[in-house]
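What follows is the content of final35.cif, which has mmCIF, C-alpha atoms and all ligand atoms:
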```cif
data_coords
loop_
_atom_site.label_atom_id
_atom_site.label_comp_id
_atom_site.auth_asym_id
_atom_site.auth_seq_id
_atom_site.Cartn_x
_atom_site.Cartn_y
_atom_site.Cartn_z
CA MET X 37 -22.04 23.24 9.19
CA LYS X 38 -22.51 20.93 12.16
CA CYS X 39 -20.87 17.58 12.94
CA ILE X 40 -23.38 14.85 12.11
CA ARG X 41 -22.35 12.89 15.21
CA CYS X 42 -22.06 15.40 18.09
CA LYS X 43 -23.60 18.55 16.51
CA LYS X 44 -20.56 20.67 17.38
CA LYS X 45 -18.96 22.83 14.67
CA ALA X 46 -17.73 20.65 11.80
CA VAL X 47 -14.20 21.08 10.43
CA ILE X 48 -14.22 18.34 7.78
CA THR X 49 -16.77 17.59 5.10
CA LEU X 50 -16.95 14.24 3.31
CA LYS X 51 -19.14 14.81 0.28
CA ARG X 52 -19.25 11.16 -0.72
CA HIS X 53 -20.93 10.32 2.61
CA ASN X 54 -22.90 13.55 2.65
CA ALA X 55 -21.35 14.05 6.07
CA ALA X 56 -19.44 16.60 8.12
CA PHE X 57 -17.41 15.94 11.27
CA CYS X 58 -15.63 17.77 14.06
CA ALA X 59 -12.01 16.63 14.55
CA GLU X 60 -12.83 14.18 17.34
CA CYS X 61 -15.74 12.54 15.50
CA PHE X 62 -13.72 12.32 12.27
CA LEU X 63 -11.05 10.32 14.09
CA HIS X 64 -13.79 8.09 15.53
CA TYR X 65 -15.19 7.55 12.01
CA TYR X 66 -11.69 6.85 10.62
CA ARG X 67 -10.81 4.27 13.28
CA ASN X 68 -14.17 2.56 12.84
CA GLN X 69 -13.64 2.29 9.09
CA VAL X 70 -10.22 0.68 9.57
CA LEU X 71 -11.48 -1.75 12.22
CA LYS X 72 -14.51 -2.64 10.11
CA ASN X 73 -12.31 -3.32 7.07
CA ILE X 74 -9.97 -5.54 9.10
CA GLN X 75 -12.78 -7.54 10.70
CA LYS X 76 -15.11 -7.81 7.72
CA ASN X 77 -12.33 -9.07 5.45
CA LYS X 78 -10.71 -11.24 8.16
CA MET X 79 -7.37 -9.50 7.56
CA PHE X 80 -5.76 -10.25 10.92
CA LYS X 81 -6.46 -10.59 14.63
CA LYS X 82 -4.84 -9.04 17.69
CA ASP X 83 -2.44 -11.99 18.13
CA ASP X 84 -1.25 -12.01 14.50
CA LYS X 85 2.24 -10.68 13.84
CA VAL X 86 1.69 -7.90 11.26
CA LEU X 87 4.43 -6.36 9.10
CA VAL X 88 3.36 -2.82 8.14
CA VAL X 89 5.00 -1.49 5.01
CA VAL X 90 5.91 2.20 5.48
CA SER X 91 7.24 4.74 2.99
CA GLY X 92 7.01 7.95 5.01
CA GLY X 93 3.95 9.12 3.01
CA LYS X 94 0.65 10.06 4.65
CA ASP X 95 -1.14 6.77 3.91
CA SER X 96 1.39 4.38 5.40
CA MET X 97 2.08 6.71 8.36
CA ALA X 98 -1.68 6.84 9.08
CA LEU X 99 -1.91 3.05 8.87
CA TRP X 100 1.07 2.52 11.16
CA ASP X 101 -0.33 4.92 13.76
CA VAL X 102 -3.89 3.63 13.74
CA LEU X 103 -2.82 -0.03 14.03
CA VAL X 104 -0.49 0.75 16.94
CA LYS X 105 -3.20 2.78 18.71
CA GLU X 106 -5.74 -0.02 18.24
CA GLY X 107 -3.36 -2.45 19.94
CA TYR X 108 -2.35 -4.65 17.00
CA ASN X 109 0.95 -6.52 17.11
CA VAL X 110 2.79 -4.54 14.42
CA VAL X 111 6.36 -4.04 13.27
CA ALA X 112 7.03 -1.51 10.51
CA MET X 113 9.37 -2.08 7.59
CA TYR X 114 10.93 0.62 5.43
CA ILE X 115 13.06 0.17 2.29
CA ASN X 116 15.53 2.87 1.30
CA LEU X 117 15.28 2.70 -2.50
CA GLY X 118 18.35 4.85 -3.10
CA ILE X 119 16.29 7.55 -4.87
CA GLY X 120 18.41 10.57 -3.82
CA GLU X 121 17.00 13.14 -1.43
CA TYR X 122 13.54 11.56 -1.63
CA SER X 123 14.82 8.37 0.00
CA ASN X 124 16.94 10.19 2.59
CA ARG X 125 14.03 12.36 3.69
CA SER X 126 11.55 9.49 3.81
CA GLN X 127 13.89 7.37 5.95
CA GLU X 128 14.30 10.29 8.33
CA VAL X 129 10.51 10.70 8.68
CA VAL X 130 9.98 7.00 9.37
CA GLU X 131 12.87 6.75 11.84
CA ASN X 132 11.74 9.89 13.70
CA PHE X 133 8.26 8.43 14.16
CA ALA X 134 9.60 5.08 15.39
CA LYS X 135 11.96 6.77 17.82
CA LYS X 136 9.41 9.24 19.13
CA ASN X 137 6.87 6.49 19.81
CA ASN X 138 9.33 3.76 20.74
CA LEU X 139 8.17 1.43 17.95
CA PRO X 140 10.01 -1.45 16.27
CA LEU X 141 11.19 -0.70 12.72
CA ILE X 142 13.07 -2.82 10.17
CA VAL X 143 15.11 -0.82 7.63
CA LYS X 144 16.59 -2.22 4.42
CA ASN X 145 18.80 -0.31 2.01
CA ILE X 146 18.85 -1.74 -1.52
CA LYS X 147 22.04 0.02 -2.63
CA GLU X 148 24.08 -0.67 0.49
CA GLU X 149 22.83 -4.22 1.16
CA PHE X 150 22.24 -5.60 -2.33
CA GLY X 151 24.11 -3.20 -4.63
CA LEU X 152 20.87 -2.44 -6.51
CA ASP X 153 20.41 0.87 -8.33
CA ILE X 154 16.87 1.39 -9.67
CA TYR X 155 17.90 4.03 -12.21
CA LYS X 156 20.79 2.00 -13.68
CA LEU X 157 18.74 -1.20 -13.74
CA SER X 158 15.82 0.45 -15.50
CA LYS X 159 18.13 1.89 -18.17
CA THR X 160 19.97 -1.40 -18.72
CA LEU X 161 16.81 -3.52 -18.81
CA LYS X 162 14.72 -0.91 -20.66
CA ARG X 163 12.07 -1.26 -17.97
CA SER X 164 10.35 1.58 -16.12
CA PRO X 165 11.87 2.47 -12.72
CA CYS X 166 8.52 1.59 -11.10
CA SER X 167 8.56 -1.91 -12.57
CA VAL X 168 12.08 -2.56 -11.23
CA CYS X 169 11.18 -0.97 -7.91
CA GLY X 170 7.99 -3.07 -7.64
CA THR X 171 9.93 -6.30 -8.13
CA ILE X 172 12.43 -5.34 -5.42
CA LYS X 173 9.80 -4.20 -2.93
CA ARG X 174 7.53 -7.23 -3.37
CA TYR X 175 10.47 -9.58 -2.90
CA LEU X 176 11.99 -7.90 0.15
CA PHE X 177 8.74 -7.35 2.02
CA ASN X 178 7.75 -10.96 1.49
CA LYS X 179 11.20 -12.29 2.38
CA VAL X 180 11.45 -10.30 5.61
CA ALA X 181 7.91 -11.30 6.57
CA TYR X 182 8.58 -14.98 5.86
CA ASP X 183 12.03 -15.11 7.48
CA ASN X 184 10.75 -13.44 10.65
CA GLY X 185 7.50 -15.35 11.13
CA PHE X 186 5.00 -12.60 10.26
CA SER X 187 1.54 -13.89 9.38
CA VAL X 188 0.49 -10.92 7.26
CA ILE X 189 1.82 -7.86 5.40
CA ALA X 190 -0.29 -4.67 5.60
CA THR X 191 0.07 -1.81 3.11
CA GLY X 192 -1.39 1.72 3.04
CA HIS X 193 -3.21 1.43 -0.30
CA ASN X 194 -6.22 3.73 -0.20
CA LEU X 195 -9.49 4.08 -2.11
CA ASP X 196 -7.88 6.38 -4.70
CA ASP X 197 -5.07 3.86 -5.36
CA GLU X 198 -7.44 0.94 -5.64
CA ALA X 199 -9.93 2.72 -7.90
CA ALA X 200 -7.06 3.84 -10.20
CA THR X 201 -5.68 0.28 -10.34
CA LEU X 202 -9.14 -1.03 -11.14
CA LEU X 203 -9.59 1.49 -13.93
CA GLY X 204 -6.20 0.51 -15.40
CA ASN X 205 -7.03 -3.19 -15.20
CA ILE X 206 -10.38 -2.66 -16.89
CA LEU X 207 -8.95 -0.46 -19.64
CA ASN X 208 -6.44 -3.22 -20.40
CA TRP X 209 -8.83 -6.10 -19.66
CA GLY X 210 -6.29 -7.66 -17.34
CA GLU X 211 -8.50 -10.60 -16.41
CA SER X 212 -6.23 -12.32 -13.95
CA TYR X 213 -5.42 -8.97 -12.28
CA LEU X 214 -9.14 -8.28 -11.97
CA ALA X 215 -9.68 -11.73 -10.45
CA ARG X 216 -7.01 -11.00 -7.84
CA GLN X 217 -7.78 -7.35 -7.08
CA GLY X 218 -9.12 -6.83 -3.61
CA PRO X 219 -8.30 -5.85 -0.04
CA VAL X 220 -6.87 -9.30 0.74
CA LEU X 221 -4.36 -11.30 -1.29
CA PRO X 222 -4.49 -14.71 0.38
CA GLN X 223 -1.53 -16.97 1.03
CA THR X 224 -1.24 -19.36 -1.94
CA HIS X 225 2.10 -20.93 -0.95
CA PRO X 226 3.73 -21.41 2.48
CA LYS X 227 6.44 -18.92 1.46
CA LEU X 228 4.06 -16.28 0.06
CA ILE X 229 2.75 -14.22 2.95
CA LYS X 230 -0.84 -12.93 2.91
CA LYS X 231 -1.19 -9.23 1.99
CA VAL X 232 -3.91 -6.86 3.17
CA LYS X 233 -5.01 -3.25 2.62
CA PRO X 234 -6.88 -2.00 5.71
CA LEU X 235 -7.33 1.54 4.26
CA TYR X 236 -8.99 0.49 1.00
CA THR X 237 -12.23 2.35 1.76
CA LEU X 238 -10.52 5.56 2.92
CA THR X 239 -9.45 8.29 0.51
CA GLU X 240 -6.09 10.05 0.26
CA LYS X 241 -7.79 13.13 1.65
CA GLU X 242 -9.09 11.25 4.70
CA ASN X 243 -5.62 9.82 5.39
CA MET X 244 -4.25 13.34 5.09
CA TYR X 245 -6.78 14.60 7.67
CA TYR X 246 -5.84 11.73 9.97
CA VAL X 247 -2.11 12.51 9.97
CA LEU X 248 -2.68 16.27 10.27
CA LEU X 249 -5.11 15.94 13.18
CA ASN X 250 -2.71 13.58 14.95
CA LYS X 251 0.27 15.85 14.17
CA ILE X 252 2.13 12.98 12.51
CA GLU X 253 5.13 14.03 10.41
CA PHE X 254 5.01 12.73 6.84
CA LEU X 255 6.80 13.22 3.56
CA HIS X 256 4.89 15.68 1.37
CA GLU X 257 6.86 15.16 -1.82
CA GLU X 258 6.15 12.25 -4.15
CA CYS X 259 8.79 9.93 -5.56
CA PRO X 260 10.37 11.67 -8.61
CA TYR X 261 9.74 8.54 -10.71
CA SER X 262 5.99 8.82 -10.18
CA VAL X 263 5.85 11.83 -12.55
CA GLY X 264 4.02 10.82 -15.72
CA ALA X 265 2.97 7.43 -14.33
CA ARG X 266 -0.21 6.04 -15.87
CA SER X 267 -1.73 5.57 -12.40
CA ILE X 268 -1.53 9.35 -11.80
CA LEU X 269 -3.49 9.98 -14.99
CA TYR X 270 -6.17 7.50 -13.87
CA LYS X 271 -6.33 9.21 -10.48
CA GLU X 272 -6.79 12.61 -12.12
CA LEU X 273 -9.60 11.30 -14.32
CA LEU X 274 -11.33 9.70 -11.35
CA ASN X 275 -10.93 12.92 -9.33
CA GLU X 276 -12.76 14.81 -12.07
CA LEU X 277 -15.61 12.33 -11.94
CA GLU X 278 -15.64 12.44 -8.14
CA GLU X 279 -15.82 16.22 -8.18
CA LYS X 280 -18.92 16.17 -10.38
CA SER X 281 -20.47 13.12 -8.79
CA PRO X 282 -19.28 12.50 -5.21
CA GLY X 283 -19.06 8.82 -4.31
CA THR X 284 -18.03 7.68 -7.81
CA LYS X 285 -14.74 6.09 -6.69
CA GLN X 286 -16.39 4.22 -3.87
CA ARG X 287 -19.24 2.97 -6.05
CA PHE X 288 -16.76 1.93 -8.72
CA LEU X 289 -14.46 -0.03 -6.40
CA ILE X 290 -16.93 -1.48 -3.92
CA GLY X 291 -19.39 -2.29 -6.72
CA PHE X 292 -16.65 -4.18 -8.53
CA LEU X 293 -15.64 -6.12 -5.40
CA GLU X 294 -19.25 -7.05 -4.63
CA LYS X 295 -20.66 -7.62 -8.11
CA GLY X 296 -17.97 -7.59 -10.80
CA LYS X 297 -14.99 -9.51 -9.46
CA LYS X 298 -16.73 -12.89 -9.38
CA HIS X 299 -16.97 -12.86 -13.19
CA PHE X 300 -13.19 -12.94 -13.61
CA LYS X 301 -11.06 -16.04 -13.23
CA GLU X 302 -7.38 -16.28 -12.40
CA VAL X 303 -5.10 -17.93 -14.91
CA GLU X 304 -4.93 -21.51 -13.70
CA ASN X 305 -2.09 -24.01 -13.53
CA ILE X 306 0.72 -21.57 -12.92
CA GLU X 307 3.39 -23.78 -11.45
CA LEU X 308 5.12 -22.27 -8.44
CA LYS X 309 8.76 -23.27 -7.95
CA GLU X 310 11.53 -22.37 -5.55
CA CYS X 311 14.29 -20.09 -6.91
CA LYS X 312 17.49 -22.03 -7.56
CA THR X 313 19.53 -19.21 -6.00
CA CYS X 314 17.59 -17.94 -3.00
CA GLY X 315 14.83 -20.53 -2.48
CA HIS X 316 11.96 -18.05 -2.63
CA VAL X 317 8.81 -18.60 -4.66
CA THR X 318 8.89 -17.94 -8.39
CA THR X 319 7.35 -19.18 -11.63
CA THR X 320 10.74 -19.45 -13.37
CA GLU X 321 13.99 -21.25 -12.50
CA GLU X 322 15.44 -18.16 -10.84
CA CYS X 323 13.35 -15.41 -9.24
CA SER X 324 13.28 -11.91 -10.71
CA PHE X 325 15.04 -10.42 -7.67
CA CYS X 326 18.05 -12.74 -8.07
CA ARG X 327 18.13 -11.98 -11.79
CA LEU X 328 18.13 -8.23 -11.02
CA THR X 329 21.01 -8.72 -8.58
CA LYS X 330 23.02 -10.49 -11.29
CA VAL X 331 22.34 -7.77 -13.88
CA SER X 332 23.30 -5.20 -11.29
CA ASN X 333 26.67 -6.88 -10.72
CA THR X 334 27.42 -6.67 -14.43
CA VAL X 335 26.54 -2.97 -14.80
CA SER X 336 28.15 -1.60 -11.64
FE1 LIG X 401 9.08 2.91 -6.69
FE2 LIG X 401 7.82 4.02 -8.77
FE3 LIG X 401 6.76 4.18 -6.34
FE4 LIG X 401 8.96 5.56 -6.94
S1 LIG X 401 6.91 5.85 -7.84
S2 LIG X 401 8.60 4.38 -5.07
S3 LIG X 401 10.00 4.14 -8.31
S4 LIG X 401 7.08 2.29 -7.51
ZN ZN X 402 15.87 -15.81 -5.94
#
```
Take the structure I supplied and represent it as structure tokens, if you would.
Ligand code: SF4
Ligand code: ZN
Amino acid sequence: MKCIRCKKKAVITLKRHNAAFCAECFLHYYRNQVLKNIQKNKMFKKDDKVLVVVSGGKDSMALWDVLVKEGYNVVAMYINLGIGEYSNRSQEVVENFAKKNNLPLIVKNIKEEFGLDIYKLSKTLKRSPCSVCGTIKRYLFNKVAYDNGFSVIATGHNLDDEAATLLGNILNWGESYLARQGPVLPQTHPKLIKKVKPLYTLTEKENMYYVLLNKIEFLHEECPYSVGARSILYKELLNELEEKSPGTKQRFLIGFLEKGKKHFKEVENIELKECKTCGHVTTTEECSFCRLTKVSNTVS
């Protein structure tokens, strides 16, 4: 098979685009997709200070690399979640990349800095580890971005992630989630930093090709708490559909963003307050992060 761009021998086929690329032309396609997503959705400009959330996985490593190479003003942030070997290895991967390329990196450690233990908290609160983890991550990324004057937070969510989230939101008819789902979560309060997903049209497989072709080290193993997660089931179901009908995920997600989303409305009149303990934005008297910290003090 020949590369559709330069006619040399193709090494990568993308069934959903009915296309094949050589390595060089694939990277050209990939960069163009990212730049198009950023510009079309007005995510950020070259002079914006962007906080890139990195986990050591292929998606966030690809995002970090492509934004640096395209000359954006980025600083990466990594959170050590205290999940045994998984966290140790992922921190190592992220730190190696920063060191090798001389890039700025902010590292937070939830056990050492805040005394938080995801496993213990999830058992005590009878919540899933991912729900506890999500609360902690959302809070810390936003806090670091706000405290350090970042204008935007960029995450490595890809087409597979977004299509699976959409399927979950539709199956549960989560109207306000559907109204908010998209590549840009705008700033709704001076202390809530805008969030963007520049890779939302690129698949996991394409991010994998990107890191492999660029010889970027990444963590192959998944977080142990992801086993059995509902989102994995949705991804598997969508993969089956994609296999039989290439382009399904893209049609599903992009079709929703262009035609479906406008029919859903966010829940109105949610009063935003400032947490009585830390001052960050919350809908209750005290934010969920501060409440977790208190619970953690009582169980440790
Ligand atoms: Fe956190 Fe769950 Fe993701 Fe693990 S799988 S990093 S616990 S959200
Ligand atoms: Zn608080």
Please report, as AutoDock Vina command-line options, the centre and edge lengths in Å to one decimal of an axis-aligned box covering all listed atoms of ligand LIG 401 (chain X) with 5 Å per side.
```
--center_x 8.4 --center_y 4.1 --center_z -6.9 --size_x 13.2 --size_y 13.6 --size_z 13.7
```
- prompt: Which of these residues is nearest to Asp83 (chain X), using only C-alpha atoms: X:Val168, X:Phe186, X:Cys314, X:Gly192?
  reply: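 Among the listed residues, X:Phe186 lies closest to Asp83 (chain X).
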- request: Please identify every polymer residue within 10 Å of ligand LIG 401 (chain X), using all atoms listed in the file, and present the set as a PyMOL selection string.
  value: chain X and resi 91+115-119+122-123+154-155+158+164-173+258-265+267-268
Expected file contents, prior selection, C-alpha atoms, as a compact mmCIF listing (two decimals), in the frame of the given file:
```txt
# COMPACT_ATOMS: atom_id res chain seq x y z
CA SER X 91 7.24 4.74 2.99
CA ILE X 115 13.06 0.17 2.29
CA ASN X 116 15.53 2.87 1.30
CA LEU X 117 15.28 2.70 -2.50
CA GLY X 118 18.35 4.85 -3.10
CA ILE X 119 16.29 7.55 -4.87
CA TYR X 122 13.54 11.56 -1.63
CA SER X 123 14.82 8.37 0.00
CA ILE X 154 16.87 1.39 -9.67
CA TYR X 155 17.90 4.03 -12.21
CA SER X 158 15.82 0.45 -15.50
CA SER X 164 10.35 1.58 -16.12
CA PRO X 165 11.87 2.47 -12.72
CA CYS X 166 8.52 1.59 -11.10
CA SER X 167 8.56 -1.91 -12.57
CA VAL X 168 12.08 -2.56 -11.23
CA CYS X 169 11.18 -0.97 -7.91
CA GLY X 170 7.99 -3.07 -7.64
CA THR X 171 9.93 -6.30 -8.13
CA ILE X 172 12.43 -5.34 -5.42
CA LYS X 173 9.80 -4.20 -2.93
CA GLU X 258 6.15 12.25 -4.15
CA CYS X 259 8.79 9.93 -5.56
CA PRO X 260 10.37 11.67 -8.61
CA TYR X 261 9.74 8.54 -10.71
CA SER X 262 5.99 8.82 -10.18
CA VAL X 263 5.85 11.83 -12.55
CA GLY X 264 4.02 10.82 -15.72
CA ALA X 265 2.97 7.43 -14.33
CA SER X 267 -1.73 5.57 -12.40
CA ILE X 268 -1.53 9.35 -11.80
```
Residues within 12 Å of ligand ZN 402 (chain X), counting only C-alpha atoms and all ligand atoms, as a list in words: Thr171, Ile172, Tyr175, Leu176, Lys179, Lys309, Glu310, Cys311, Lys312, Thr313, Cys314, Gly315, His316, Val317, Thr318, Thr319, Thr320, Glu321, Glu322, Cys323, Ser324, Phe325, Cys326, Arg327, Leu328, Thr329 and Lys330 of chain X
Selected residues written out, C-alpha atoms, as an mmCIF file, in the coordinates of the input:
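result-v5.cif written:
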```cif
data_model
loop_
_atom_site.group_PDB
_atom_site.id
_atom_site.type_symbol
_atom_site.label_atom_id
_atom_site.label_comp_id
_atom_site.auth_asym_id
_atom_site.auth_seq_id
_atom_site.Cartn_x
_atom_site.Cartn_y
_atom_site.Cartn_z
ATOM 1 C CA THR X 171 9.930 -6.300 -8.130
ATOM 2 C CA ILE X 172 12.430 -5.340 -5.420
ATOM 3 C CA TYR X 175 10.470 -9.580 -2.900
ATOM 4 C CA LEU X 176 11.990 -7.900 0.150
ATOM 5 C CA LYS X 179 11.200 -12.290 2.380
ATOM 6 C CA LYS X 309 8.760 -23.270 -7.950
ATOM 7 C CA GLU X 310 11.530 -22.370 -5.550
ATOM 8 C CA CYS X 311 14.290 -20.090 -6.910
ATOM 9 C CA LYS X 312 17.490 -22.030 -7.560
ATOM 10 C CA THR X 313 19.530 -19.210 -6.000
ATOM 11 C CA CYS X 314 17.590 -17.940 -3.000
ATOM 12 C CA GLY X 315 14.830 -20.530 -2.480
ATOM 13 C CA HIS X 316 11.960 -18.050 -2.630
ATOM 14 C CA VAL X 317 8.810 -18.600 -4.660
ATOM 15 C CA THR X 318 8.890 -17.940 -8.390
ATOM 16 C CA THR X 319 7.350 -19.180 -11.630
ATOM 17 C CA THR X 320 10.740 -19.450 -13.370
ATOM 18 C CA GLU X 321 13.990 -21.250 -12.500
ATOM 19 C CA GLU X 322 15.440 -18.160 -10.840
ATOM 20 C CA CYS X 323 13.350 -15.410 -9.240
ATOM 21 C CA SER X 324 13.280 -11.910 -10.710
ATOM 22 C CA PHE X 325 15.040 -10.420 -7.670
ATOM 23 C CA CYS X 326 18.050 -12.740 -8.070
ATOM 24 C CA ARG X 327 18.130 -11.980 -11.790
ATOM 25 C CA LEU X 328 18.130 -8.230 -11.020
ATOM 26 C CA THR X 329 21.010 -8.720 -8.580
ATOM 27 C CA LYS X 330 23.020 -10.490 -11.290
#
```
task: Measure the distance from CA of Asn305 (chain X) to CA of Leu202 (chain X) in Å and round it to one decimal.
output: 24.2 Å
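Among X:Ile206, X:Val143, X:Val188, X:Leu99, the residue with the shortest atom-to-atom distance to Tyr246 (chain X), counting only C-alpha atoms, is X:Leu99.
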Can you fill out region 150-165 of chain X with N, CA, C and O atoms and hand it back as a short mmCIF file (atom, residue, chain, number, x, y, z; two decimals), in the frame of the given file?
```cif
data_model
loop_
_atom_site.label_atom_id
_atom_site.label_comp_id
_atom_site.auth_asym_id
_atom_site.auth_seq_id
_atom_site.Cartn_x
_atom_site.Cartn_y
_atom_site.Cartn_z
N PHE X 150 22.33 -4.69 -1.17
CA PHE X 150 22.24 -5.60 -2.33
C PHE X 150 22.91 -5.03 -3.58
O PHE X 150 22.91 -5.67 -4.62
N GLY X 151 23.45 -3.83 -3.49
CA GLY X 151 24.11 -3.20 -4.63
C GLY X 151 23.15 -2.86 -5.77
O GLY X 151 23.56 -2.76 -6.93
N LEU X 152 21.87 -2.68 -5.45
CA LEU X 152 20.87 -2.44 -6.51
C LEU X 152 20.65 -0.94 -6.72
O LEU X 152 20.48 -0.19 -5.76
N ASP X 153 20.65 -0.53 -7.99
CA ASP X 153 20.41 0.87 -8.33
C ASP X 153 19.22 0.92 -9.31
O ASP X 153 19.35 0.46 -10.46
N ILE X 154 18.09 1.42 -8.85
CA ILE X 154 16.87 1.39 -9.67
C ILE X 154 17.07 2.10 -11.01
O ILE X 154 16.66 1.60 -12.06
N TYR X 155 17.72 3.26 -10.98
CA TYR X 155 17.90 4.03 -12.21
C TYR X 155 18.74 3.25 -13.22
O TYR X 155 18.34 3.06 -14.38
N LYS X 156 19.90 2.74 -12.76
CA LYS X 156 20.79 2.00 -13.68
C LYS X 156 20.10 0.75 -14.20
O LYS X 156 20.18 0.42 -15.39
N LEU X 157 19.42 0.04 -13.32
CA LEU X 157 18.74 -1.20 -13.74
C LEU X 157 17.66 -0.91 -14.78
O LEU X 157 17.51 -1.64 -15.75
N SER X 158 16.91 0.17 -14.56
CA SER X 158 15.82 0.45 -15.50
C SER X 158 16.38 0.83 -16.88
O SER X 158 15.82 0.47 -17.90
N LYS X 159 17.51 1.53 -16.88
CA LYS X 159 18.13 1.89 -18.17
C LYS X 159 18.65 0.63 -18.88
O LYS X 159 18.41 0.42 -20.06
N THR X 160 19.38 -0.20 -18.12
CA THR X 160 19.97 -1.40 -18.72
C THR X 160 18.90 -2.36 -19.24
O THR X 160 19.03 -2.93 -20.32
N LEU X 161 17.83 -2.53 -18.45
CA LEU X 161 16.81 -3.52 -18.81
C LEU X 161 15.70 -2.93 -19.68
O LEU X 161 14.78 -3.65 -20.07
N LYS X 162 15.77 -1.62 -19.92
CA LYS X 162 14.72 -0.91 -20.66
C LYS X 162 13.34 -1.18 -20.03
O LYS X 162 12.37 -1.48 -20.71
N ARG X 163 13.33 -1.12 -18.70
CA ARG X 163 12.07 -1.26 -17.97
C ARG X 163 11.84 0.05 -17.22
O ARG X 163 12.78 0.80 -16.97
N SER X 164 10.60 0.34 -16.86
CA SER X 164 10.35 1.58 -16.12
C SER X 164 10.93 1.43 -14.70
O SER X 164 10.97 0.31 -14.17
N PRO X 165 11.36 2.55 -14.09
CA PRO X 165 11.87 2.47 -12.72
C PRO X 165 10.84 1.83 -11.78
O PRO X 165 11.20 1.05 -10.89
#
```
